[in-house]
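To keep things clear, I will list the structure first and then write my remarks on it.
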There are 2 protein chains.
Amino acid sequence: MNTENRPCGVYSPVVTPFKKNLQPDHERYVRHCRWLIGQDVGLAVFGTNSEANSMSVDEKKVLLDTLLEAGIPTTRLMPGTGCAALTDSVELTRHAVARGCHNVLMLPPFYYKGVSDEGLFRSFSEIIQRVGAAELRVYVYHIPPVSQVPISLALIERLLKAYPDVIAGVKDSSGNWSNTQAMLERFQPQGFDVFAGSETFLLATLRGGGVGCITATGNVNPGPIVQLYRNWRAADADERQRALDATRAVFAKFSMIPALKAAIGIYAKDPEWGTVRPPLVDLTPAECAALAASLHDVGFTMPGIER
Amino acid sequence: MNTENRPCGVYSPVVTPFKKNLQPDHERYVRHCRWLIGQDVGLAVFGTNSEANSMSVDEKKVLLDTLLEAGIPTTRLMPGTGCAALTDSVELTRHAVARGCHNVLMLPPFYYKGVSDEGLFRSFSEIIQRVGAAELRVYVYHIPPVSQVPISLALIERLLKAYPDVIAGVKDSSGNWSNTQAMLERFQPQGFDVFAGSETFLLATLRGGGVGCITATGNVNPGPIVQLYRNWRAADADERQRALDATRAVFAKFSMIPALKAAIGIYAKDPEWGTVRPPLVDLTPAECAALAASLHDVGFTMPGIER
């Protein structure tokens with residue numbers, strides 16, 4: 001497989017700003033995406049942390065078009081296109097590819113539980129065949145703590161055998177290092193690119209031959225995460241990893257998605273950024289104050305966002 | 001609350017027939033729905049067993065319109081309208097109500113896990129307010145084994161307080177009788193109608209003051225289930241319940257949704273009925289043969305379907 005121009009480095013599941021009426025806020029969205037690109041962070045729009053599954057297919061199509069019209073390069077985008085419904089996944093993937101976004105991150109269908117690898121294989125297979133685009137590159141999205149539908153090593157092996165030119169890699173958000181390690185050992189040598197599901201395993205993933213991470217905190221702490229990616233062979237890499245872990249721990253004390261959005265609101269002096277769609281709940285003013293204090297304590301900054 | 005014309009009795013989450021190309025098959029669908037209505041079974045279309053979450057909102061809107069154009073009465077319909085995305089749930093609920101289907105069965109948003117009652121309250125609340133129809137009656141759908149997002153008693157209490165004229169009842173598919181019992185004791189006296197999530201607890205639910213059941217096997221075994229509903233005070237009610245349990249046990253030996261569709265295919269001599277959408281997998285010919293043999297052994301029939 002051609003390895004030129006393949007995604008690598010640090011990507012962020014871009015948080016989606018909503019207006020008070022819960023409609024996607026296109027202006028804040030474009031601004032945030034431009035800031036991330038400027039920090040050398042790729043845009044895994046429509047990820048779990050994007051509240052993607054709280055939005056309709058049409059809302060996501062419009063958001064993607066908005067970014068492209070704003071001049072965001074397709075090569076820096078990796079939209080999430082896996083939905084619960086087969087037909088939704090096909091529609092969104094087709095739209096992304098038609099707009100030149102060839103790399104997509106694909107959740108398995110996530111409503112039915114205890115489904116077989118055979119059923120999941122048929123699902124990915126149907127989507128790939130219905131989209132029918134030679135340019136399509138699918139990164140499978142393994143996030144059993146949320147989806148409750150795991151993507152097994154056996155399923156990856158089968159998909160790679162059936163679609164060697166399409167199945168391009170994985171985001172492993174299992175939180176289980178031994179699973180990431182197994183993917184790195186078995187599949188990375190075949191050109192199947194392993195992204196850690198957060199920066200927690202970024203250094204370990206790079207040392208194991210992986211290509212980077214796709215991480216929620218990339219939304220707020222992009223600079224230091226990218227610095228570790230660029231300097232992972234340096235003597236201070238473990239120290240950098242520990243610093244990333246300390247910052248992440250602050251966010252992990254709260255509900256992650258509302259906390260990420262609240263932090264942007266705090267540093268941009270734009271509290272409406274904290275708005276989330278149900279079933280998520282935005283941080284209370286007291287939680288926002290506690291988050292601000294904790295971030296201040298660890299010397300957290302958001303250069304270019306701060307006002 | 002006005003209790004006239006409120007749904008009660010036996011409903012079935014209508015299985016959705018697909019053509020070989022996985023498109024919904026409108027002709028088989030109408031025929032199956034008419035057969036169910038003829039057996040006095042209400043149509044909880046777009047339930048879990050309908051593979052509803054494997055279909056797009058548009059596909060469901062077209063299916064509902066197809067039934068109404070075929071003359072299926074709105075009073076016998078209880079469409080499932082809860083989706084993962086807030087905007088999808090609003091669109092589908094609004095469509096159902098606009099078409100005169102005022103009773104809807106509503107899943108909570110099911111992608112994000114570990115969400116708070118506050119977040120779920122806001123979700124139901126947003127949908128109810130955005131739909132903004134005085135006629136809307138919401139039956140909340142508690143199915144934690146699949147959705148992984150439970151609807152707690154505290155949440156029901158809060159919803160009933162905020163929307164006493166809208167929140168109308170529950171389908172309890174927890175499989176946990178003590179939960180059904182608690183709902184019957186706490187909420188049924190307020191006119192909050194409790195449906196058992198399967199016929200397994202039909203007799204117990206009726207004895208506890210509940211109004212019926214919404215059950216997968218209503219698709220294939222409607223007559224005997226309706227007979228128990230009509231005669232639950234009769235001396236032979238326990239015996240009838242045991243017979244229902246025996247039939248259900250045959251289907252439960254297989255994957256339920258493919259087995260229901262396969263059974264219709266077997267008795268209608270129309271094997272294409274067995275088609276399911278991924279991530280589900282249709283029964284193999286060997287499994288179909290085993291199902292047919294087991295059904296024959298328990299004397300199972302489908303009067304009016306058999307050819």
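So you can find residues: chains in the structure tokens are A, B, ... in the order shown, residues in each start at 1, and ligands are numbered from 1 in order.
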- Item | At most 9 Å to chain A: residues in chain B, only C-alpha atoms, as a PyMOL selection string | chain B and resi 48+51-57+59+83-88+108-124+126+145-148+277-281
- Message: From a backbone DSSP assignment, name each residue in region 98-220 of chain A labelled strand (DSSP E or B), as a PyMOL selection string.
- Response: chain A and resi 103-106+137-142+167-172+193-196+212-214
Could you dump the residues just selected with C-alpha atoms as a PDB file, in the first residue's frame?
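What landed in selection-v2.pdb:
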```
ATOM      1  CA  ASN A 103      -9.618   9.081   5.315  1.00  0.00           C
ATOM      2  CA  VAL A 104     -12.535   8.305   7.586  1.00  0.00           C
ATOM      3  CA  LEU A 105     -12.739   6.991  11.143  1.00  0.00           C
ATOM      4  CA  MET A 106     -15.470   4.402  11.391  1.00  0.00           C
ATOM      5  CA  ARG A 137      -9.351   4.705   3.483  1.00  0.00           C
ATOM      6  CA  VAL A 138     -11.102   3.359   6.574  1.00  0.00           C
ATOM      7  CA  TYR A 139      -9.662   3.655  10.071  1.00  0.00           C
ATOM      8  CA  VAL A 140     -11.702   1.410  12.332  1.00  0.00           C
ATOM      9  CA  TYR A 141     -12.651   2.889  15.684  1.00  0.00           C
ATOM     10  CA  HIS A 142     -12.309   0.555  18.663  1.00  0.00           C
ATOM     11  CA  ILE A 167      -8.623  -0.807   5.680  1.00  0.00           C
ATOM     12  CA  ALA A 168      -5.917   1.645   6.686  1.00  0.00           C
ATOM     13  CA  GLY A 169      -5.628   1.638  10.452  1.00  0.00           C
ATOM     14  CA  VAL A 170      -7.280   1.955  13.833  1.00  0.00           C
ATOM     15  CA  LYS A 171      -7.956   4.326  16.674  1.00  0.00           C
ATOM     16  CA  ASP A 172      -7.642   2.159  19.764  1.00  0.00           C
ATOM     17  CA  ASP A 193      -1.582   2.345  11.094  1.00  0.00           C
ATOM     18  CA  VAL A 194      -2.194   2.284  14.814  1.00  0.00           C
ATOM     19  CA  PHE A 195      -3.257   5.502  16.530  1.00  0.00           C
ATOM     20  CA  ALA A 196      -3.465   5.494  20.312  1.00  0.00           C
ATOM     21  CA  GLY A 212       0.397   8.848  16.582  1.00  0.00           C
ATOM     22  CA  CYS A 213      -2.704   9.484  18.633  1.00  0.00           C
ATOM     23  CA  ILE A 214      -6.224  10.815  18.225  1.00  0.00           C
TER      24      ILE A 214
END
```
Quick one: residues within 12 Å of Gly274 (chain A), only C-alpha atoms counted, chain neighbours fewer than 5 positions away excluded, as a ChimeraX atom specification?
-> /A:15-20,22,25,28,256-269,280-285,287-288
Picked from region 26-164 of chain B by DSSP as helix (DSSP H, G or I), as a PyMOL selection string
chain B and resi 26-38+48-50+52-54+57-69+74-76+86-98+117-131+144-147+153-162
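Rounded to one decimal, CA of Ala249 (chain A) and CA of Ala292 (chain A) lie 13.5 Å from each other.
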Which residues, written as a PyMOL selection string, have at least one atom at most 10 Å from Gln190 (chain A), with only C-alpha atoms counted and residues fewer than 5 positions away on the same chain left out? chain A and resi 1+160+164+168+184-185
Expected file contents, prior selection, N, CA and C atoms, as a short mmCIF file (atom, residue, chain, number, x, y, z; two decimals), in the first residue's frame:
```cif
data_model
loop_
_atom_site.label_atom_id
_atom_site.label_comp_id
_atom_site.auth_asym_id
_atom_site.auth_seq_id
_atom_site.Cartn_x
_atom_site.Cartn_y
_atom_site.Cartn_z
N MET A 1 0.85 -1.21 0.00
CA MET A 1 0.00 0.00 0.00
C MET A 1 0.88 1.26 0.00
N LEU A 160 -8.67 -6.80 6.75
CA LEU A 160 -7.44 -6.52 6.01
C LEU A 160 -7.27 -7.47 4.83
N PRO A 164 -7.58 -4.99 1.52
CA PRO A 164 -6.23 -4.54 1.89
C PRO A 164 -5.95 -3.08 1.50
N ALA A 168 -7.18 0.91 6.60
CA ALA A 168 -5.92 1.64 6.69
C ALA A 168 -5.34 1.72 8.09
N LEU A 184 -0.22 -3.32 17.27
CA LEU A 184 1.07 -2.84 16.76
C LEU A 184 1.91 -4.01 16.24
N GLU A 185 1.90 -5.10 16.99
CA GLU A 185 2.75 -6.24 16.61
C GLU A 185 2.20 -6.98 15.40
#
```
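Using only C-alpha atoms, the shortest contact distance between Ser12 (chain A) and any of A:Ala216, A:Ala133, A:Leu92, A:Ala204 is found at A:Ala216.
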